[in-house]
Amino acid sequence: MAMPQNSTRENGFCFTQPLDFSCASPRAGEACRPFGAMSASDGCGTPLSNGITSSGAPSPSDSCARPLCTPTRAEEETPFEEGIKYVSAEGEDLACGWGGFTPGCLQLCNTSKGVLFFLCVASFLQGMTVNGFINTVITSIERRFDLRSYQSGLIASSYDIAACVCLTFVSYFGGNGHKPRWLGWGMLLMGLGSLLFALPHFTTGQYEARSAAQVGVCGGNQSLPCSQAASSLSGYRFVFMLGQFLHGVGATPLYTLGVTYLDENVKTSYSPVYIAVFYTAAILGPAAGYLVGGMFLNIYTEIGREIDITPENTLWVGAWWIGFLGAGAASLLISIPILGYPQRLPGSQRYIVMRVSEAHQLKDGSHLKASDPDFGKTVKDLPRSVLLLLKNPTFIFLCLAGATEATLIAGMSTFGPKFLESQFSLSASEAATFFGYLVVPAGGGGTFLGGFLVNKFKLRCSGIIKLCLFCTVFSLLAIFVFFIHCPNMPMAGVTQMYDGSALPGGHLNLTGACNAQCGCLQETYSPVCGTDDIMYYSPCHAGCKRVSENPRNGKKVYHECSCVGKTLLSGFGKAVAGKCTSSCDKKPLLLCFMFMVILFTFLSSIPALTATLRCVSDRQRSFALGIQWIVVRTLGGIPGPIAFGSMIDKSCLLWQDQCGEQGSCYIYQNSAMSRYTLVAGLVYKVLGTTFFIVACLLYKPPPAESAPGSSDASENGTSDLQEHKPSLPAEEDI
């Protein structure tokens, strides 16, 4: 049989050339009949896309109603036994615009590439705001509004809480509704949330930095009072929580409905690439958020006001609010074009017709319920829809595997900079920069490469799961690099005594004979590096009497330090502000293997998402992604940092002392930190590997004879729509 040449109009899928379809089992006097006369009751073949039904009568204006071969009167009365169905979109408005305003210039953007561009901008803004700006400014907000760490933690968690609350509702009803409208209104809420987050800056008085006497040198320490009345500014945390809640609600459609809208409107083999580009933009967003947010923090929060402190001062508060104003305005603007898109793009019907279902086949056949076009449009179908997903073992284990990967990603993104800071004795900004150099190429490149590989090798659902398994096993092997660690830099009173001897019983002792008369406070942590390459808790603990500034780099230099080894030129040693530089020769190896762990972890993300979309029925894709996000956030994203944090805290050597209460950790034991990181990584990687293996073993694809055609249609719609049925004669020219 000749290959059909397809062309797409706004009316739907259309054949422009007559086709000669031979009947599968011709009886006497029976041939073919007009293609447009076929209906769902003809028995002409299985549905081409999970229950997509055909139009009962052809439209006079639809060229698809032409006969595929010349019929006779007797033939017209004889129904087809096998054939294909098409979907008519007659009367459906597929123009891009708002209501009746659909100018022709807008139709240039009414393509899959146009949708991809606007969704990439939306995901970039979401990542920059939620995962970039929030994490960058959280310390400044704590200082400006007198918040405690657990209160700022509640602010950050409000996003995930809102997403978990809304995911079921949005993915279920939005999946069967007008997806661009859900996406557009979601971005509007995102914009409002960002503007609300910046509001406290304008409703509070000017920030007054409390001046303090010079502290740090021996004999110059002064204690600030510990008991301070609770500030009324801390009540603004509820405004921040509401802003984050709006962020979570607004971003919910983006990673459920946005992904399925892309998947439905492009060729099946191109879908992983489109989704990979979409997620790559979401990963680049936080990188931009850290960079731009850091620039804004170098500007004083009260713009235009003269002040005598610098950003290095602990009292400094940067202009944390500027980024949220810009991101809020951009989110409001990007929502306008997204709201103008139609429910489906022109030309997408051909992909629906030619889509091959790869949904997991249940033994009781209950998966066929989702093929009903009316399924999922009412609330009463919600329990049945959930039950169908719960009965799909492939979907369940893909969700669990995603949760383990999300735990590792969340833990590494939160504590990765801390790991580098401790291992290589870096400052916080240097560690963040190093980690950014790892995450941007490894995370962004891995995400895009995963989608590219699925498209390049035309992988089906089973092959995609095997690719995920390969990536997980490789990253599992690479994670053994955490057996390696850099030794701690020697620190007086923490890793050794002031005279260089070992600490008795491992107990800390920050006071020695050389600084006993200085009256040093443990609340003042400001590490310095002596000329003897030993770190000290503060200039006071090093016994330093004077301070000056290096004109070349602006760093403070402390003189007459009684605890620092004496030099030949002077009676006392010197110390420079900051940590001692690590000369660990294992640094390149650690960075290289950390890059591999991040790369292969993100490499499996898009294939795993694609496998999730393919192992469920078409009508359940959005809802399945919503359920998966709930599982991933509940079991992975939210507890991930907590699990990693609790394990890493076990390796702490020196805790902050806040007026007798334990604060954050200042110094970690590098060997213990590497060991605990290895244990946590191995546990989650082994679980992820196990879940992918079980998902692969339990996956039951549709039988080959039910596949209506190849999903690998060419760009102009050419595809073999032939059904390979056992009843077809072997000698027939297909």
# chains A, B, ... in the order shown; residues from 1 in each chain; ligands from 1

call {"tool": "select_by_dssp", "arguments": {"residues": "stretch 624-670 of chain A", "states": "strand (DSSP E)", "output": "PyMOL selection string"}}
result
chain A and resi 652-658+661-668

call {"tool": "select_by_dssp", "arguments": {"residues": "stretch 223-356 of chain A", "states": "helix (DSSP H, G or I)", "output": "VMD selection string"}}
result
chain A and resid 232 to 251 257 to 264 271 to 297 322 to 339 349 to 354

call {"tool": "residues_around", "arguments": {"residues": "A:Glu430", "least_positions_apart": "2", "cutoff": "12 Å", "atoms": "only C-alpha atoms", "output": "list in words"}}
result
Pro417, Lys418, Leu420, Glu421, Ser422, Phe424, Ser425, Leu426, Ser427, Ala428, Ala432, Thr433, Phe434, Phe435, Gly436, Tyr437, Lys579 and Thr581 of chain A

call {"tool": "write_last_selection", "arguments": {"atoms": "all heavy atoms", "output": "short mmCIF file (atom, residue, chain, number, x, y, z; two decimals), in the first residue's frame"}}
result
data_model
loop_
_atom_site.label_atom_id
_atom_site.label_comp_id
_atom_site.auth_asym_id
_atom_site.auth_seq_id
_atom_site.Cartn_x
_atom_site.Cartn_y
_atom_site.Cartn_z
N PRO A 417 27.56 23.16 48.53
CA PRO A 417 28.52 24.24 48.83
C PRO A 417 29.16 24.08 50.20
O PRO A 417 30.36 24.37 50.36
CB PRO A 417 27.64 25.50 48.76
CG PRO A 417 26.51 25.13 47.86
CD PRO A 417 26.24 23.68 48.14
N LYS A 418 28.41 23.63 51.18
CA LYS A 418 28.97 23.43 52.52
C LYS A 418 30.05 22.36 52.50
O LYS A 418 31.08 22.47 53.18
CB LYS A 418 27.86 23.06 53.50
CG LYS A 418 28.31 22.96 54.95
CD LYS A 418 27.19 22.48 55.83
CE LYS A 418 26.09 23.50 55.95
NZ LYS A 418 26.51 24.69 56.76
N LEU A 420 32.00 21.54 49.91
CA LEU A 420 33.19 22.11 49.28
C LEU A 420 33.87 23.11 50.21
O LEU A 420 35.11 23.16 50.28
CB LEU A 420 32.80 22.80 47.97
CG LEU A 420 32.23 21.91 46.86
CD1 LEU A 420 31.91 22.75 45.63
CD2 LEU A 420 33.19 20.80 46.50
N GLU A 421 33.10 23.90 50.91
CA GLU A 421 33.65 24.89 51.84
C GLU A 421 34.48 24.22 52.92
O GLU A 421 35.57 24.71 53.27
CB GLU A 421 32.50 25.69 52.47
CG GLU A 421 32.93 26.76 53.44
CD GLU A 421 31.75 27.50 54.04
OE1 GLU A 421 30.62 27.34 53.53
OE2 GLU A 421 31.95 28.22 55.03
N SER A 422 34.00 23.10 53.44
CA SER A 422 34.72 22.41 54.51
C SER A 422 35.93 21.65 53.98
O SER A 422 37.02 21.71 54.55
CB SER A 422 33.77 21.46 55.24
OG SER A 422 34.44 20.72 56.23
N PHE A 424 37.76 22.03 51.20
CA PHE A 424 38.83 22.79 50.56
C PHE A 424 39.13 24.10 51.29
O PHE A 424 39.86 24.94 50.75
CB PHE A 424 38.47 23.08 49.10
CG PHE A 424 38.09 21.85 48.32
CD1 PHE A 424 37.02 21.87 47.44
CD2 PHE A 424 38.80 20.67 48.47
CE1 PHE A 424 36.66 20.74 46.72
CE2 PHE A 424 38.45 19.53 47.76
CZ PHE A 424 37.37 19.56 46.89
N SER A 425 38.52 24.29 52.47
CA SER A 425 38.76 25.49 53.29
C SER A 425 38.49 26.75 52.47
O SER A 425 39.34 27.65 52.37
CB SER A 425 40.20 25.48 53.82
OG SER A 425 40.37 26.49 54.78
N LEU A 426 37.30 26.83 51.90
CA LEU A 426 36.90 27.98 51.08
C LEU A 426 35.98 28.88 51.87
O LEU A 426 35.39 28.48 52.88
CB LEU A 426 36.18 27.50 49.81
CG LEU A 426 36.93 26.52 48.91
CD1 LEU A 426 36.01 26.04 47.80
CD2 LEU A 426 38.17 27.18 48.32
N SER A 427 35.85 30.12 51.40
CA SER A 427 34.82 30.99 51.95
C SER A 427 33.47 30.57 51.38
O SER A 427 33.39 29.81 50.41
CB SER A 427 35.12 32.45 51.59
OG SER A 427 34.98 32.65 50.19
N ALA A 428 32.40 31.10 51.97
CA ALA A 428 31.06 30.71 51.52
C ALA A 428 30.83 31.13 50.07
O ALA A 428 30.26 30.38 49.27
CB ALA A 428 30.01 31.34 52.43
N ALA A 432 30.20 28.60 46.89
CA ALA A 432 29.01 28.72 46.05
C ALA A 432 29.39 28.86 44.58
O ALA A 432 28.73 28.30 43.69
CB ALA A 432 28.17 29.91 46.50
N THR A 433 30.47 29.61 44.31
CA THR A 433 30.92 29.77 42.93
C THR A 433 31.41 28.44 42.35
O THR A 433 31.07 28.08 41.22
CB THR A 433 32.05 30.81 42.86
OG1 THR A 433 31.59 32.04 43.42
CG2 THR A 433 32.49 31.03 41.42
N PHE A 434 32.21 27.71 43.11
CA PHE A 434 32.68 26.40 42.67
C PHE A 434 31.50 25.47 42.38
O PHE A 434 31.47 24.76 41.36
CB PHE A 434 33.59 25.77 43.73
CG PHE A 434 35.05 25.98 43.47
CD1 PHE A 434 35.78 26.89 44.23
CD2 PHE A 434 35.70 25.29 42.46
CE1 PHE A 434 37.12 27.10 44.00
CE2 PHE A 434 37.05 25.49 42.22
CZ PHE A 434 37.77 26.40 42.99
N PHE A 435 30.54 25.47 43.30
CA PHE A 435 29.39 24.58 43.12
C PHE A 435 28.57 24.99 41.91
O PHE A 435 28.01 24.14 41.21
CB PHE A 435 28.53 24.58 44.38
CG PHE A 435 27.56 23.43 44.45
CD1 PHE A 435 28.00 22.13 44.64
CD2 PHE A 435 26.20 23.65 44.32
CE1 PHE A 435 27.11 21.08 44.69
CE2 PHE A 435 25.30 22.60 44.37
CZ PHE A 435 25.76 21.31 44.56
N GLY A 436 28.49 26.29 41.66
CA GLY A 436 27.79 26.76 40.46
C GLY A 436 28.47 26.28 39.19
O GLY A 436 27.81 25.89 38.22
N TYR A 437 29.82 26.28 39.20
CA TYR A 437 30.56 25.77 38.05
C TYR A 437 30.29 24.29 37.81
O TYR A 437 30.36 23.80 36.67
CB TYR A 437 32.06 25.98 38.24
CG TYR A 437 32.51 27.42 38.16
CD1 TYR A 437 33.65 27.86 38.82
CD2 TYR A 437 31.78 28.36 37.42
CE1 TYR A 437 34.06 29.18 38.75
CE2 TYR A 437 32.18 29.68 37.34
CZ TYR A 437 33.32 30.09 38.01
OH TYR A 437 33.71 31.40 37.94
N LYS A 579 40.18 32.13 56.34
CA LYS A 579 40.69 30.78 56.56
C LYS A 579 42.01 30.58 55.84
O LYS A 579 42.31 31.26 54.85
CB LYS A 579 39.68 29.74 56.05
CG LYS A 579 38.33 29.80 56.73
CD LYS A 579 37.38 28.77 56.12
CE LYS A 579 36.01 28.81 56.76
NZ LYS A 579 35.08 27.84 56.16
N THR A 581 44.49 28.71 53.35
CA THR A 581 44.25 28.07 52.06
C THR A 581 44.64 26.60 52.12
O THR A 581 45.72 26.26 52.60
CB THR A 581 45.06 28.78 50.96
OG1 THR A 581 44.72 30.16 50.95
CG2 THR A 581 44.76 28.17 49.60
#

call {"tool": "residues_around", "arguments": {"residues": "stretch 282-291 of chain A", "least_positions_apart": "5", "cutoff": "12 Å", "atoms": "only C-alpha atoms", "output": "mmCIF file with N, CA, C and O atoms, in the first residue's frame"}}
result
data_model
loop_
_atom_site.group_PDB
_atom_site.id
_atom_site.type_symbol
_atom_site.label_atom_id
_atom_site.label_comp_id
_atom_site.auth_asym_id
_atom_site.auth_seq_id
_atom_site.Cartn_x
_atom_site.Cartn_y
_atom_site.Cartn_z
ATOM 1 N N LEU A 119 7.161 28.996 27.573
ATOM 2 C CA LEU A 119 7.225 28.126 28.752
ATOM 3 C C LEU A 119 8.636 28.086 29.328
ATOM 4 O O LEU A 119 8.807 27.969 30.552
ATOM 5 N N CYS A 120 9.650 28.185 28.482
ATOM 6 C CA CYS A 120 11.031 28.242 28.979
ATOM 7 C C CYS A 120 11.258 29.524 29.777
ATOM 8 O O CYS A 120 11.916 29.505 30.824
ATOM 9 N N VAL A 121 10.722 30.640 29.279
ATOM 10 C CA VAL A 121 10.833 31.896 30.028
ATOM 11 C C VAL A 121 10.135 31.760 31.379
ATOM 12 O O VAL A 121 10.650 32.206 32.415
ATOM 13 N N ALA A 122 8.948 31.122 31.375
ATOM 14 C CA ALA A 122 8.203 30.943 32.622
ATOM 15 C C ALA A 122 8.973 30.069 33.609
ATOM 16 O O ALA A 122 9.074 30.394 34.800
ATOM 17 N N SER A 123 9.531 28.946 33.133
ATOM 18 C CA SER A 123 10.274 28.056 34.037
ATOM 19 C C SER A 123 11.565 28.717 34.509
ATOM 20 O O SER A 123 12.005 28.506 35.642
ATOM 21 N N PHE A 124 12.184 29.535 33.650
ATOM 22 C CA PHE A 124 13.387 30.276 34.038
ATOM 23 C C PHE A 124 13.071 31.254 35.173
ATOM 24 O O PHE A 124 13.806 31.338 36.165
ATOM 25 N N LEU A 125 11.960 31.981 35.038
ATOM 26 C CA LEU A 125 11.558 32.930 36.078
ATOM 27 C C LEU A 125 11.217 32.209 37.378
ATOM 28 O O LEU A 125 11.566 32.680 38.470
ATOM 29 N N GLN A 126 10.535 31.068 37.259
ATOM 30 C CA GLN A 126 10.187 30.310 38.465
ATOM 31 C C GLN A 126 11.454 29.836 39.181
ATOM 32 O O GLN A 126 11.582 29.970 40.400
ATOM 33 N N GLY A 127 12.405 29.265 38.443
ATOM 34 C CA GLY A 127 13.639 28.793 39.052
ATOM 35 C C GLY A 127 14.460 29.929 39.638
ATOM 36 O O GLY A 127 15.035 29.803 40.721
ATOM 37 N N MET A 128 14.517 31.048 38.917
ATOM 38 C CA MET A 128 15.293 32.189 39.396
ATOM 39 C C MET A 128 14.703 32.753 40.685
ATOM 40 O O MET A 128 15.445 33.118 41.610
ATOM 41 N N THR A 129 13.364 32.792 40.775
ATOM 42 C CA THR A 129 12.719 33.379 41.945
ATOM 43 C C THR A 129 12.759 32.437 43.141
ATOM 44 O O THR A 129 13.259 32.787 44.220
ATOM 45 N N VAL A 130 12.242 31.217 42.960
ATOM 46 C CA VAL A 130 12.046 30.306 44.085
ATOM 47 C C VAL A 130 13.349 29.649 44.518
ATOM 48 O O VAL A 130 13.641 29.550 45.715
ATOM 49 N N ASN A 131 14.142 29.186 43.568
ATOM 50 C CA ASN A 131 15.367 28.467 43.908
ATOM 51 C C ASN A 131 16.608 29.337 43.871
ATOM 52 O O ASN A 131 17.685 28.878 44.261
ATOM 53 N N GLY A 132 16.486 30.565 43.369
ATOM 54 C CA GLY A 132 17.615 31.475 43.306
ATOM 55 C C GLY A 132 17.517 32.601 44.309
ATOM 56 O O GLY A 132 18.261 32.656 45.294
ATOM 57 N N PHE A 133 16.586 33.518 44.080
ATOM 58 C CA PHE A 133 16.463 34.693 44.947
ATOM 59 C C PHE A 133 16.175 34.317 46.400
ATOM 60 O O PHE A 133 16.770 34.877 47.321
ATOM 61 N N ILE A 134 15.253 33.372 46.603
ATOM 62 C CA ILE A 134 14.868 33.012 47.973
ATOM 63 C C ILE A 134 16.075 32.526 48.762
ATOM 64 O O ILE A 134 16.349 32.977 49.886
ATOM 65 N N ASN A 135 16.842 31.592 48.175
ATOM 66 C CA ASN A 135 18.005 31.047 48.882
ATOM 67 C C ASN A 135 19.104 32.087 49.065
ATOM 68 O O ASN A 135 19.881 32.020 50.015
ATOM 69 N N THR A 136 19.174 33.055 48.144
ATOM 70 C CA THR A 136 20.222 34.067 48.229
ATOM 71 C C THR A 136 19.933 35.093 49.320
ATOM 72 O O THR A 136 20.839 35.516 50.043
ATOM 73 N N VAL A 137 18.673 35.492 49.453
ATOM 74 C CA VAL A 137 18.338 36.611 50.344
ATOM 75 C C VAL A 137 17.841 36.166 51.707
ATOM 76 O O VAL A 137 17.529 37.008 52.544
ATOM 77 N N ILE A 138 17.737 34.866 51.952
ATOM 78 C CA ILE A 138 17.123 34.410 53.192
ATOM 79 C C ILE A 138 17.896 34.913 54.423
ATOM 80 O O ILE A 138 17.291 35.279 55.445
ATOM 81 N N ALA A 251 3.198 27.943 40.433
ATOM 82 C CA ALA A 251 4.133 27.076 39.709
ATOM 83 C C ALA A 251 3.606 25.666 39.526
ATOM 84 O O ALA A 251 4.170 24.893 38.743
ATOM 85 N N LEU A 254 2.887 24.571 35.964
ATOM 86 C CA LEU A 254 4.018 24.688 35.050
ATOM 87 C C LEU A 254 4.680 23.343 34.778
ATOM 88 O O LEU A 254 4.993 23.014 33.621
ATOM 89 N N TYR A 255 4.890 22.549 35.807
ATOM 90 C CA TYR A 255 5.626 21.293 35.646
ATOM 91 C C TYR A 255 4.710 20.078 35.522
ATOM 92 O O TYR A 255 5.192 18.942 35.533
ATOM 93 N N ILE A 275 10.926 18.734 26.129
ATOM 94 C CA ILE A 275 10.832 18.729 27.593
ATOM 95 C C ILE A 275 12.204 18.973 28.212
ATOM 96 O O ILE A 275 12.324 19.659 29.237
ATOM 97 N N ALA A 276 13.263 18.442 27.586
ATOM 98 C CA ALA A 276 14.615 18.657 28.100
ATOM 99 C C ALA A 276 14.998 20.130 28.024
ATOM 100 O O ALA A 276 15.602 20.677 28.961
ATOM 101 N N VAL A 277 14.665 20.798 26.916
ATOM 102 C CA VAL A 277 14.944 22.234 26.795
ATOM 103 C C VAL A 277 14.177 23.005 27.868
ATOM 104 O O VAL A 277 14.704 23.935 28.501
ATOM 105 N N PHE A 296 22.601 42.300 43.732
ATOM 106 C CA PHE A 296 21.701 43.207 44.439
ATOM 107 C C PHE A 296 22.064 43.307 45.925
ATOM 108 O O PHE A 296 21.847 44.351 46.550
ATOM 109 N N LEU A 297 22.591 42.223 46.488
ATOM 110 C CA LEU A 297 22.945 42.248 47.906
ATOM 111 C C LEU A 297 24.163 43.124 48.180
ATOM 112 O O LEU A 297 24.441 43.452 49.342
ATOM 113 N N ASN A 298 24.896 43.504 47.148
ATOM 114 C CA ASN A 298 26.003 44.442 47.331
ATOM 115 C C ASN A 298 25.526 45.891 47.345
ATOM 116 O O ASN A 298 26.329 46.806 47.548
ATOM 117 N N TRP A 320 17.611 43.192 49.002
ATOM 118 C CA TRP A 320 17.062 41.869 48.726
ATOM 119 C C TRP A 320 15.776 41.917 47.910
ATOM 120 O O TRP A 320 15.404 40.941 47.249
ATOM 121 N N ILE A 322 14.813 43.934 45.315
ATOM 122 C CA ILE A 322 14.792 44.366 43.909
ATOM 123 C C ILE A 322 14.489 43.194 42.977
ATOM 124 O O ILE A 322 13.698 43.304 42.035
ATOM 125 N N GLY A 323 15.117 42.053 43.234
ATOM 126 C CA GLY A 323 14.917 40.893 42.369
ATOM 127 C C GLY A 323 13.473 40.442 42.313
ATOM 128 O O GLY A 323 12.973 40.050 41.245
ATOM 129 N N PHE A 324 12.769 40.513 43.436
ATOM 130 C CA PHE A 324 11.372 40.074 43.458
ATOM 131 C C PHE A 324 10.467 41.034 42.691
ATOM 132 O O PHE A 324 9.491 40.603 42.075
ATOM 133 N N GLY A 326 11.416 42.762 40.007
ATOM 134 C CA GLY A 326 11.650 42.464 38.591
ATOM 135 C C GLY A 326 11.046 41.153 38.164
ATOM 136 O O GLY A 326 10.408 41.060 37.097
ATOM 137 N N ALA A 327 11.210 40.106 38.983
ATOM 138 C CA ALA A 327 10.657 38.794 38.642
ATOM 139 C C ALA A 327 9.137 38.827 38.643
ATOM 140 O O ALA A 327 8.487 38.194 37.798
ATOM 141 N N ILE A 409 19.195 15.072 44.950
ATOM 142 C CA ILE A 409 19.371 16.387 44.331
ATOM 143 C C ILE A 409 19.140 17.496 45.349
ATOM 144 O O ILE A 409 19.912 18.461 45.431
ATOM 145 N N SER A 413 22.117 19.930 46.523
ATOM 146 C CA SER A 413 22.004 21.359 46.217
ATOM 147 C C SER A 413 22.051 22.201 47.478
ATOM 148 O O SER A 413 22.554 23.327 47.466
ATOM 149 N N SER A 429 31.291 32.320 49.696
ATOM 150 C CA SER A 429 31.088 32.788 48.320
ATOM 151 C C SER A 429 31.914 31.970 47.334
ATOM 152 O O SER A 429 31.448 31.640 46.239
ATOM 153 N N ALA A 432 30.198 28.598 46.888
ATOM 154 C CA ALA A 432 29.010 28.716 46.049
ATOM 155 C C ALA A 432 29.391 28.857 44.584
ATOM 156 O O ALA A 432 28.726 28.296 43.692
ATOM 157 N N THR A 433 30.470 29.608 44.311
ATOM 158 C CA THR A 433 30.921 29.770 42.930
ATOM 159 C C THR A 433 31.409 28.444 42.351
ATOM 160 O O THR A 433 31.065 28.078 41.219
ATOM 161 N N PHE A 434 32.208 27.709 43.112
ATOM 162 C CA PHE A 434 32.680 26.396 42.666
ATOM 163 C C PHE A 434 31.501 25.470 42.383
ATOM 164 O O PHE A 434 31.466 24.763 41.365
ATOM 165 N N PHE A 435 30.541 25.467 43.296
ATOM 166 C CA PHE A 435 29.393 24.575 43.119
ATOM 167 C C PHE A 435 28.569 24.994 41.907
ATOM 168 O O PHE A 435 28.009 24.141 41.207
ATOM 169 N N GLY A 436 28.491 26.289 41.664
ATOM 170 C CA GLY A 436 27.793 26.756 40.461
ATOM 171 C C GLY A 436 28.475 26.282 39.192
ATOM 172 O O GLY A 436 27.812 25.893 38.224
ATOM 173 N N TYR A 437 29.818 26.277 39.202
ATOM 174 C CA TYR A 437 30.557 25.771 38.048
ATOM 175 C C TYR A 437 30.286 24.288 37.812
ATOM 176 O O TYR A 437 30.364 23.802 36.670
ATOM 177 N N LEU A 438 29.968 23.564 38.875
ATOM 178 C CA LEU A 438 29.642 22.143 38.733
ATOM 179 C C LEU A 438 28.218 21.942 38.259
ATOM 180 O O LEU A 438 27.951 21.150 37.349
ATOM 181 N N VAL A 439 27.277 22.657 38.874
ATOM 182 C CA VAL A 439 25.857 22.385 38.650
ATOM 183 C C VAL A 439 25.378 22.862 37.287
ATOM 184 O O VAL A 439 24.620 22.162 36.599
ATOM 185 N N VAL A 440 25.825 24.039 36.856
ATOM 186 C CA VAL A 440 25.302 24.581 35.604
ATOM 187 C C VAL A 440 25.629 23.681 34.411
ATOM 188 O O VAL A 440 24.734 23.266 33.675
ATOM 189 N N PRO A 441 26.911 23.315 34.180
ATOM 190 C CA PRO A 441 27.168 22.426 33.036
ATOM 191 C C PRO A 441 26.709 20.996 33.274
ATOM 192 O O PRO A 441 26.203 20.342 32.353
ATOM 193 N N ALA A 442 26.876 20.492 34.509
ATOM 194 C CA ALA A 442 26.505 19.094 34.774
ATOM 195 C C ALA A 442 24.999 18.934 34.834
ATOM 196 O O ALA A 442 24.430 18.020 34.224
ATOM 197 N N GLY A 443 24.322 19.803 35.576
ATOM 198 C CA GLY A 443 22.867 19.697 35.690
ATOM 199 C C GLY A 443 22.149 20.081 34.411
ATOM 200 O O GLY A 443 21.305 19.336 33.904
ATOM 201 N N GLY A 444 22.501 21.248 33.859
ATOM 202 C CA GLY A 444 21.859 21.680 32.615
ATOM 203 C C GLY A 444 22.211 20.780 31.445
ATOM 204 O O GLY A 444 21.340 20.381 30.666
ATOM 205 N N GLY A 445 23.504 20.436 31.325
ATOM 206 C CA GLY A 445 23.923 19.559 30.232
ATOM 207 C C GLY A 445 23.329 18.171 30.344
ATOM 208 O O GLY A 445 22.901 17.577 29.347
ATOM 209 N N GLY A 446 23.287 17.621 31.569
ATOM 210 C CA GLY A 446 22.704 16.296 31.763
ATOM 211 C C GLY A 446 21.225 16.265 31.445
ATOM 212 O O GLY A 446 20.723 15.303 30.849
ATOM 213 N N THR A 447 20.517 17.309 31.829
ATOM 214 C CA THR A 447 19.081 17.368 31.548
ATOM 215 C C THR A 447 18.813 17.373 30.052
ATOM 216 O O THR A 447 17.963 16.630 29.551
ATOM 217 N N PHE A 448 19.536 18.227 29.317
ATOM 218 C CA PHE A 448 19.322 18.286 27.878
ATOM 219 C C PHE A 448 19.786 17.008 27.189
ATOM 220 O O PHE A 448 19.114 16.498 26.283
ATOM 221 N N PHE A 602 21.202 13.983 36.809
ATOM 222 C CA PHE A 602 20.303 14.796 35.989
ATOM 223 C C PHE A 602 20.067 14.158 34.620
ATOM 224 O O PHE A 602 19.049 14.427 33.982
ATOM 225 N N SER A 605 16.838 12.323 34.539
ATOM 226 C CA SER A 605 15.610 13.023 34.935
ATOM 227 C C SER A 605 14.597 13.104 33.800
ATOM 228 O O SER A 605 13.421 12.751 33.982
#

call {"tool": "closest_residue", "arguments": {"among": "A:Ile479, A:Leu503, A:Leu682, A:Leu233", "to": "A:Met596", "atoms": "only C-alpha atoms"}}
result
A:Ile479

call {"tool": "residues_around", "arguments": {"residues": "A:Met187", "least_positions_apart": "5", "cutoff": "6 Å", "atoms": "only C-alpha atoms", "output": "list of chain:residue names"}}
result
A:Gly250, A:Ser331, A:Ser335

call {"tool": "write_last_selection", "arguments": {"atoms": "N, CA and C atoms", "output": "compact mmCIF listing (two decimals), in the first residue's frame"}}
result
# COMPACT_ATOMS: atom_id res chain seq x y z
N GLY A 250 1.11 29.03 41.96
CA GLY A 250 1.30 29.45 40.58
C GLY A 250 2.20 28.54 39.78
N SER A 331 6.86 37.98 35.40
CA SER A 331 5.89 36.89 35.44
C SER A 331 4.51 37.37 34.99
N SER A 335 2.62 35.99 31.40
CA SER A 335 1.33 35.30 31.48
C SER A 335 0.41 35.72 30.34

call {"tool": "closest_residue", "arguments": {"among": "A:Pro607, A:Gly500, A:Gly258, A:Gly100", "to": "A:Asn455", "atoms": "only C-alpha atoms"}}
result
A:Pro607

call {"tool": "closest_residue", "arguments": {"among": "A:Cys544, A:Cys615, A:Met594, A:Val259", "to": "A:Tyr699", "atoms": "only C-alpha atoms"}}
result
A:Cys615

call {"tool": "closest_residue", "arguments": {"among": "A:Tyr207, A:Asp532, A:Asn670, A:Phe118", "to": "A:Ile307", "atoms": "only C-alpha atoms"}}
result
A:Tyr207

call {"tool": "closest_residue", "arguments": {"among": "A:Cys399, A:Ile630, A:Leu609, A:Cys520", "to": "A:Ala163", "atoms": "only C-alpha atoms"}}
result
A:Ile630

call {"tool": "residues_around", "arguments": {"residues": "stretch 685-689 of chain A", "least_positions_apart": "4", "cutoff": "8 Å", "atoms": "only C-alpha atoms", "output": "NGL selection string"}}
result
:A and (400-402 or 404-405 or 469 or 472-473 or 475-476 or 681 or 693)

call {"tool": "closest_residue", "arguments": {"among": "A:Arg633, A:Pro180, A:Leu408, A:Val115", "to": "A:Ile598", "atoms": "only C-alpha atoms"}}
result
A:Leu408

call {"tool": "residues_around", "arguments": {"residues": "A:His541", "least_positions_apart": "2", "cutoff": "8 Å", "atoms": "only C-alpha atoms", "output": "number ranges by chain"}}
result
A: 218, 510-511, 515, 518, 520, 536-539, 543-544, 563

call {"tool": "write_last_selection", "arguments": {"atoms": "C-alpha atoms", "output": "PDB file, in the first residue's frame"}}
result
ATOM      1  CA  CYS A 218      42.757  41.023  72.341  1.00  0.00           C
ATOM      2  CA  LEU A 510      39.785  27.565  72.836  1.00  0.00           C
ATOM      3  CA  THR A 511      41.614  29.170  75.751  1.00  0.00           C
ATOM      4  CA  ASN A 515      45.268  34.345  75.193  1.00  0.00           C
ATOM      5  CA  CYS A 518      42.410  38.632  76.475  1.00  0.00           C
ATOM      6  CA  CYS A 520      37.865  36.358  74.303  1.00  0.00           C
ATOM      7  CA  TYR A 536      42.563  30.559  65.002  1.00  0.00           C
ATOM      8  CA  TYR A 537      38.981  31.068  66.156  1.00  0.00           C
ATOM      9  CA  SER A 538      39.306  34.861  66.064  1.00  0.00           C
ATOM     10  CA  PRO A 539      42.029  37.549  66.219  1.00  0.00           C
ATOM     11  CA  GLY A 543      46.298  36.985  70.923  1.00  0.00           C
ATOM     12  CA  CYS A 544      46.546  39.799  68.352  1.00  0.00           C
ATOM     13  CA  CYS A 563      49.651  32.700  70.021  1.00  0.00           C
TER      14      CYS A 563
END
